[in-house]
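The next block holds one structure in the form of structure tokens; read it before the comments.
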Amino acid sequence: MSRYAPLNASPPVTLFHDGHCPFCQQEVAWLEKHRYREHIALVDIQASNFNAHEYEQEFNAMMGQLHLRDSQGKWYIGMDASRALYAVLGYRRLVKISCLPGLYGAMNAGYRYFARRRIRLGRWWEKRQAKRQG
């Protein structure tokens with residue numbers, strides 16, 4: 001897949017997110033208020049009625065990295081899912097910048113690092129937020 005492929009994501013897109021992840025919760029709250037909200041369907045993979053096999057995916061793989069499917073049935077995974085989402089939301093210049101040589105690989109590596117640690121980081125972040133508010 002070309003590193004610019006996420007720019008071709010066709011709306012509406014379906015974003016599969018972890019509803020238990022504090023970072024995902026923040027992102028989803030922002031997306032629900034976005035001016036192009038109609039371009040996104042949000043699916044919580046932690047919902048009791050969610051079945052990854054209905055989408056020909058494995059639950060553990062979906063928990064490991066962000067997944068997004070566009071209206072043509074094309075899947076974008078990991079950082080490419082974020083790129084496709086932001087392209088659909090109108091941030092195409094930002095997506096193009098993230099696809100530049102060097103930056104593309106660094107952002108992919110950074111995403112993988114974050115994705116593996118997001119639960120632990122989320123717990124730490126929630127505790128920090130609670131201390132600030134309390």
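Residue numbering restarts at 1 in every chain; chains get A, B, ... in the order shown in the structure tokens, and ligands count up from 1 in that same order.
Running DSSP on the backbone and keeping only strand (DSSP E or B), the residues of range 18-86 of chain A that qualify are Ile40, Ala41, Leu42, Val43, Asp44, His67, Leu68, Arg69, Trp75, Tyr76 and Ile77 of chain A.
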Based on the selection just made, write N, CA, C and O atoms of those residues as a PDB file, in the first residue's frame.
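The file below, out-v2.pdb, is the result:
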ATOM      1  N   ILE A  40     -18.498   9.726   9.912  1.00  0.00           N
ATOM      2  CA  ILE A  40     -17.891   8.696  10.755  1.00  0.00           C
ATOM      3  C   ILE A  40     -18.959   7.898  11.490  1.00  0.00           C
ATOM      4  O   ILE A  40     -19.845   8.474  12.123  1.00  0.00           O
ATOM      5  N   ALA A  41     -18.834   6.589  11.424  1.00  0.00           N
ATOM      6  CA  ALA A  41     -19.600   5.702  12.303  1.00  0.00           C
ATOM      7  C   ALA A  41     -18.619   5.201  13.349  1.00  0.00           C
ATOM      8  O   ALA A  41     -17.491   4.816  13.019  1.00  0.00           O
ATOM      9  N   LEU A  42     -19.023   5.236  14.600  1.00  0.00           N
ATOM     10  CA  LEU A  42     -18.154   4.813  15.696  1.00  0.00           C
ATOM     11  C   LEU A  42     -18.634   3.479  16.244  1.00  0.00           C
ATOM     12  O   LEU A  42     -19.818   3.328  16.556  1.00  0.00           O
ATOM     13  N   VAL A  43     -17.728   2.519  16.339  1.00  0.00           N
ATOM     14  CA  VAL A  43     -18.063   1.194  16.855  1.00  0.00           C
ATOM     15  C   VAL A  43     -17.129   0.884  18.018  1.00  0.00           C
ATOM     16  O   VAL A  43     -15.906   0.854  17.850  1.00  0.00           O
ATOM     17  N   ASP A  44     -17.716   0.659  19.180  1.00  0.00           N
ATOM     18  CA  ASP A  44     -16.954   0.302  20.378  1.00  0.00           C
ATOM     19  C   ASP A  44     -16.719  -1.208  20.370  1.00  0.00           C
ATOM     20  O   ASP A  44     -17.667  -1.978  20.494  1.00  0.00           O
ATOM     21  N   HIS A  67      -8.450   0.329  14.021  1.00  0.00           N
ATOM     22  CA  HIS A  67      -8.928  -0.162  12.734  1.00  0.00           C
ATOM     23  C   HIS A  67      -9.994   0.792  12.203  1.00  0.00           C
ATOM     24  O   HIS A  67     -10.845   1.263  12.958  1.00  0.00           O
ATOM     25  N   LEU A  68      -9.947   1.036  10.911  1.00  0.00           N
ATOM     26  CA  LEU A  68     -10.932   1.879  10.254  1.00  0.00           C
ATOM     27  C   LEU A  68     -11.257   1.242   8.912  1.00  0.00           C
ATOM     28  O   LEU A  68     -10.363   0.779   8.207  1.00  0.00           O
ATOM     29  N   ARG A  69     -12.545   1.204   8.585  1.00  0.00           N
ATOM     30  CA  ARG A  69     -12.988   0.677   7.283  1.00  0.00           C
ATOM     31  C   ARG A  69     -13.737   1.789   6.558  1.00  0.00           C
ATOM     32  O   ARG A  69     -14.605   2.437   7.134  1.00  0.00           O
ATOM     33  N   TRP A  75      -9.708  -1.513   4.441  1.00  0.00           N
ATOM     34  CA  TRP A  75      -9.282  -1.406   5.832  1.00  0.00           C
ATOM     35  C   TRP A  75      -8.006  -0.592   5.949  1.00  0.00           C
ATOM     36  O   TRP A  75      -7.091  -0.727   5.133  1.00  0.00           O
ATOM     37  N   TYR A  76      -7.949   0.222   6.984  1.00  0.00           N
ATOM     38  CA  TYR A  76      -6.755   0.984   7.359  1.00  0.00           C
ATOM     39  C   TYR A  76      -6.473   0.634   8.818  1.00  0.00           C
ATOM     40  O   TYR A  76      -7.393   0.669   9.652  1.00  0.00           O
ATOM     41  N   ILE A  77      -5.237   0.316   9.102  1.00  0.00           N
ATOM     42  CA  ILE A  77      -4.881  -0.189  10.432  1.00  0.00           C
ATOM     43  C   ILE A  77      -3.714   0.609  10.993  1.00  0.00           C
ATOM     44  O   ILE A  77      -2.790   0.978  10.269  1.00  0.00           O
TER      45      ILE A  77
END
* Quick one: pick out all helix (DSSP H, G or I) residues within chain A from a backbone DSSP run and write them as a ChimeraX atom specification. => /A:5-8,22-33,37-39,52-55,59-64,79-88,92-98,103-133
* Asked: CA of Arg3 in chain A and CA of Arg35 in chain A are how many Å apart?
  -> 26.6 Å
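When CA of Ala9 in chain A is paired with CA of Leu89 in chain A, their separation reads 10.5 Å.
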* Asked: What is the CA of His34 in chain A to CA of Ala106 in chain A distance in Å?
  -> 27.4 Å
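Distances from A:Glu38, A:Asp80, A:Glu32, A:Asp18 to Asn60 in chain A were compared using only C-alpha atoms, and the smallest one belongs to A:Asp18.
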* Would you list the contacts of Arg112 in chain A as number ranges by chain, taking every protein, DNA or RNA residue within 10 Å and counting only C-alpha atoms, but skipping same-chain residues closer than 3 positions in sequence? => A: 64-65, 78-79, 106-109, 115-118
Since we have the selection now, will you write its residues out, keeping N, CA and C atoms, as a CSV table (one decimal), in the first residue's frame?
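This is the output file again-v7.csv:
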chain,number,residue,atom,x,y,z
A,64,GLY,N,-5.2,-4.4,19.5
A,64,GLY,CA,-3.8,-4.0,19.4
A,64,GLY,C,-3.5,-2.8,18.6
A,65,GLN,N,-4.4,-2.5,17.6
A,65,GLN,CA,-4.2,-1.3,16.8
A,65,GLN,C,-5.6,-0.8,16.3
A,78,GLY,N,-3.8,0.8,12.3
A,78,GLY,CA,-2.7,1.5,13.0
A,78,GLY,C,-2.7,3.0,12.6
A,79,MET,N,-1.5,3.5,12.4
A,79,MET,CA,-1.3,4.9,12.1
A,79,MET,C,-2.1,5.3,10.8
A,106,ALA,N,8.7,7.5,11.4
A,106,ALA,CA,8.8,7.9,12.8
A,106,ALA,C,7.4,7.9,13.4
A,107,MET,N,6.4,8.4,12.7
A,107,MET,CA,5.0,8.4,13.2
A,107,MET,C,4.5,7.0,13.4
A,108,ASN,N,4.7,6.1,12.4
A,108,ASN,CA,4.3,4.7,12.5
A,108,ASN,C,4.9,4.1,13.7
A,109,ALA,N,6.2,4.3,13.9
A,109,ALA,CA,6.9,3.7,15.1
A,109,ALA,C,6.4,4.2,16.4
A,115,ALA,N,0.5,2.3,21.1
A,115,ALA,CA,-0.6,1.3,21.1
A,115,ALA,C,-0.3,0.2,22.0
A,116,ARG,N,1.0,-0.2,22.1
A,116,ARG,CA,1.3,-1.3,23.0
A,116,ARG,C,1.2,-0.9,24.5
A,117,ARG,N,1.3,0.4,24.8
A,117,ARG,CA,1.3,0.8,26.2
A,117,ARG,C,0.1,1.7,26.5
A,118,ARG,N,-0.9,1.8,25.7
A,118,ARG,CA,-2.0,2.7,25.9
A,118,ARG,C,-2.8,2.4,27.1
